[in-house]
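Here's the structure, in structure tokens; my notes come after.
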Amino acid sequence: MAETIKCTECGANLKVAAMPTPGKRIRCPKCGEPFVPQAKEKEEEEEEREEVETRPAVRAGRSRLRDEDEEVEKSPRKVRGRSKGPVEFDGTAGDFFTMYLLFMLLTIITAGLAFPWTSTMLEKWKTEHTLIEGRRLSYNGTGMQLLGLFIVMYFFIIITLGIYMFWAIPKYFKYIAEHTYFADERRRR
């Protein structure tokens, strides 16, 4: 009797003639990633069977019951270095090295005074190399805005002997989030 195993990488349900040797890695035919198979539990199989049986009929020309693997093929996971999910990052080490070297030099040479501008530069680089469901992010914060925020944060951190740090860091992250948007929206602040 055929056994059903589930790919731990993409979640595809695979039918095999016999269960592979315990601990042996096999390659998923759907996503191409190696994984150690685990047999599906009987309860899980029964739940899936009930779910499939209660689904409405699919368009004409297809069977009434939907193939389990059809959903897996529509997932954003792809093989060998391409998209693995809804969030992608396409920055390279060379780009990062150049940008980070400039970041460090400016921060050190100015004794930290350029930090708002260099952190803005770093944030722009990160967001401009990030895609969410195929849409590129962008960042419109400025060093001058961050300078004002940092002056206030440093003032309260010094007065409270560091306790304000617990409010300052989330405030900084909130500022970044408020100035991050999808590049195709062209939002200005």
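Labels for the structure tokens follow display order: chains A, B, ..., residues from 1 in each chain, ligands from 1.
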
Who sits within 12 Å of region 125-134 of chain A, only C-alpha atoms, same chain under 4 positions skipped, as a PyMOL selection string:
chain A and resi 75-77+83-93+95-100+103+118-121+138-141+176-177+179-184

For a quick check of understanding, using only C-alpha atoms, which of A:Gly162, A:Pro116, A:Pro170, A:Pro22 has the smallest distance to Met144 (chain A)?
A:Pro116

Tell me which protein, DNA and RNA residues are within 12 Å of Ala114 (chain A), counting only C-alpha atoms, leaving out same-chain ones fewer than 5 positions away, and put them as a list in words.
Leu102, Phe103, Met104, Leu105, Leu106, Thr107, Ile108, Ile109, Ser119, Thr120, Met121, Thr142, Gly143, Met144, Leu146, Leu147 and Phe150 of chain A

Please, could you write that set of residues out with N, CA and C atoms as a PDB file, in the first residue's frame?
```
ATOM      1  N   LEU A 102      31.695  52.942   3.641  1.00  0.00           N
ATOM      2  CA  LEU A 102      31.393  54.366   3.670  1.00  0.00           C
ATOM      3  C   LEU A 102      30.680  54.730   4.970  1.00  0.00           C
ATOM      4  N   PHE A 103      29.736  53.903   5.388  1.00  0.00           N
ATOM      5  CA  PHE A 103      28.998  54.079   6.641  1.00  0.00           C
ATOM      6  C   PHE A 103      29.967  54.193   7.822  1.00  0.00           C
ATOM      7  N   MET A 104      30.881  53.242   7.926  1.00  0.00           N
ATOM      8  CA  MET A 104      31.835  53.217   9.047  1.00  0.00           C
ATOM      9  C   MET A 104      32.800  54.401   8.988  1.00  0.00           C
ATOM     10  N   LEU A 105      33.341  54.687   7.803  1.00  0.00           N
ATOM     11  CA  LEU A 105      34.290  55.803   7.678  1.00  0.00           C
ATOM     12  C   LEU A 105      33.656  57.129   8.080  1.00  0.00           C
ATOM     13  N   LEU A 106      32.467  57.419   7.581  1.00  0.00           N
ATOM     14  CA  LEU A 106      31.801  58.677   7.924  1.00  0.00           C
ATOM     15  C   LEU A 106      31.472  58.762   9.412  1.00  0.00           C
ATOM     16  N   THR A 107      31.044  57.665   9.982  1.00  0.00           N
ATOM     17  CA  THR A 107      30.699  57.669  11.404  1.00  0.00           C
ATOM     18  C   THR A 107      31.946  57.887  12.257  1.00  0.00           C
ATOM     19  N   ILE A 108      33.044  57.227  11.923  1.00  0.00           N
ATOM     20  CA  ILE A 108      34.288  57.357  12.699  1.00  0.00           C
ATOM     21  C   ILE A 108      34.905  58.749  12.511  1.00  0.00           C
ATOM     22  N   ILE A 109      35.000  59.212  11.260  1.00  0.00           N
ATOM     23  CA  ILE A 109      35.622  60.511  10.980  1.00  0.00           C
ATOM     24  C   ILE A 109      34.872  61.652  11.665  1.00  0.00           C
ATOM     25  N   SER A 119      22.999  56.026   9.064  1.00  0.00           N
ATOM     26  CA  SER A 119      21.980  55.011   9.329  1.00  0.00           C
ATOM     27  C   SER A 119      20.832  55.137   8.316  1.00  0.00           C
ATOM     28  N   THR A 120      20.557  56.359   7.857  1.00  0.00           N
ATOM     29  CA  THR A 120      19.569  56.557   6.795  1.00  0.00           C
ATOM     30  C   THR A 120      20.050  55.894   5.511  1.00  0.00           C
ATOM     31  N   MET A 121      21.346  56.049   5.224  1.00  0.00           N
ATOM     32  CA  MET A 121      21.939  55.431   4.035  1.00  0.00           C
ATOM     33  C   MET A 121      21.810  53.904   4.104  1.00  0.00           C
ATOM     34  N   THR A 142      15.030  60.981   6.341  1.00  0.00           N
ATOM     35  CA  THR A 142      16.225  61.782   6.084  1.00  0.00           C
ATOM     36  C   THR A 142      17.105  61.834   7.320  1.00  0.00           C
ATOM     37  N   GLY A 143      18.363  62.139   7.093  1.00  0.00           N
ATOM     38  CA  GLY A 143      19.308  62.273   8.199  1.00  0.00           C
ATOM     39  C   GLY A 143      18.939  63.415   9.124  1.00  0.00           C
ATOM     40  N   MET A 144      18.421  64.488   8.561  1.00  0.00           N
ATOM     41  CA  MET A 144      18.046  65.653   9.374  1.00  0.00           C
ATOM     42  C   MET A 144      16.896  65.297  10.323  1.00  0.00           C
ATOM     43  N   LEU A 146      16.198  62.312  11.432  1.00  0.00           N
ATOM     44  CA  LEU A 146      16.757  61.411  12.445  1.00  0.00           C
ATOM     45  C   LEU A 146      17.618  62.159  13.449  1.00  0.00           C
ATOM     46  N   LEU A 147      18.325  63.187  13.002  1.00  0.00           N
ATOM     47  CA  LEU A 147      19.151  63.981  13.916  1.00  0.00           C
ATOM     48  C   LEU A 147      18.281  64.569  15.016  1.00  0.00           C
ATOM     49  N   PHE A 150      17.271  61.769  17.337  1.00  0.00           N
ATOM     50  CA  PHE A 150      18.399  61.316  18.150  1.00  0.00           C
ATOM     51  C   PHE A 150      18.750  62.314  19.249  1.00  0.00           C
TER      52      PHE A 150
END
```

Residues within 7 Å of Cys7 (chain A), only C-alpha atoms, excluding chain neighbours under 5 positions, as an NGL selection string:
:A and (12-13 or 28 or 35 or 37)

Those same residues, written as a CSV table (one decimal), in the first residue's frame with C-alpha atoms?
```csv
chain,number,residue,atom,x,y,z
A,12,ALA,CA,3.9,18.9,-0.5
A,13,ASN,CA,2.2,15.6,0.1
A,28,CYS,CA,11.4,16.6,-3.0
A,35,PHE,CA,14.6,16.5,3.5
A,37,PRO,CA,10.7,12.2,5.4
```

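Taking CA of Glu185 (chain A) and CA of Leu149 (chain A) as endpoints, the distance between them is 25.4 Å.
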
So the first atom is CA of Met165 (chain A) and the second is CA of Thr110 (chain A); what is the distance between them in Å, to one decimal place?
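Pair CA of Met165 (chain A) / CA of Thr110 (chain A) returns 23.2 Å.
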
Neighbours of Pro20 (chain A) within 12 Å (only C-alpha atoms; same-chain residues fewer than 6 positions away dropped), as a ChimeraX atom specification?
/A:2-5,26-27,35-39

For CA of Phe173 (chain A) and CA of Thr160 (chain A), determine how far apart the two atoms are, in Å to one decimal place.
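CA of Phe173 (chain A) sits 20.3 Å away from CA of Thr160 (chain A).
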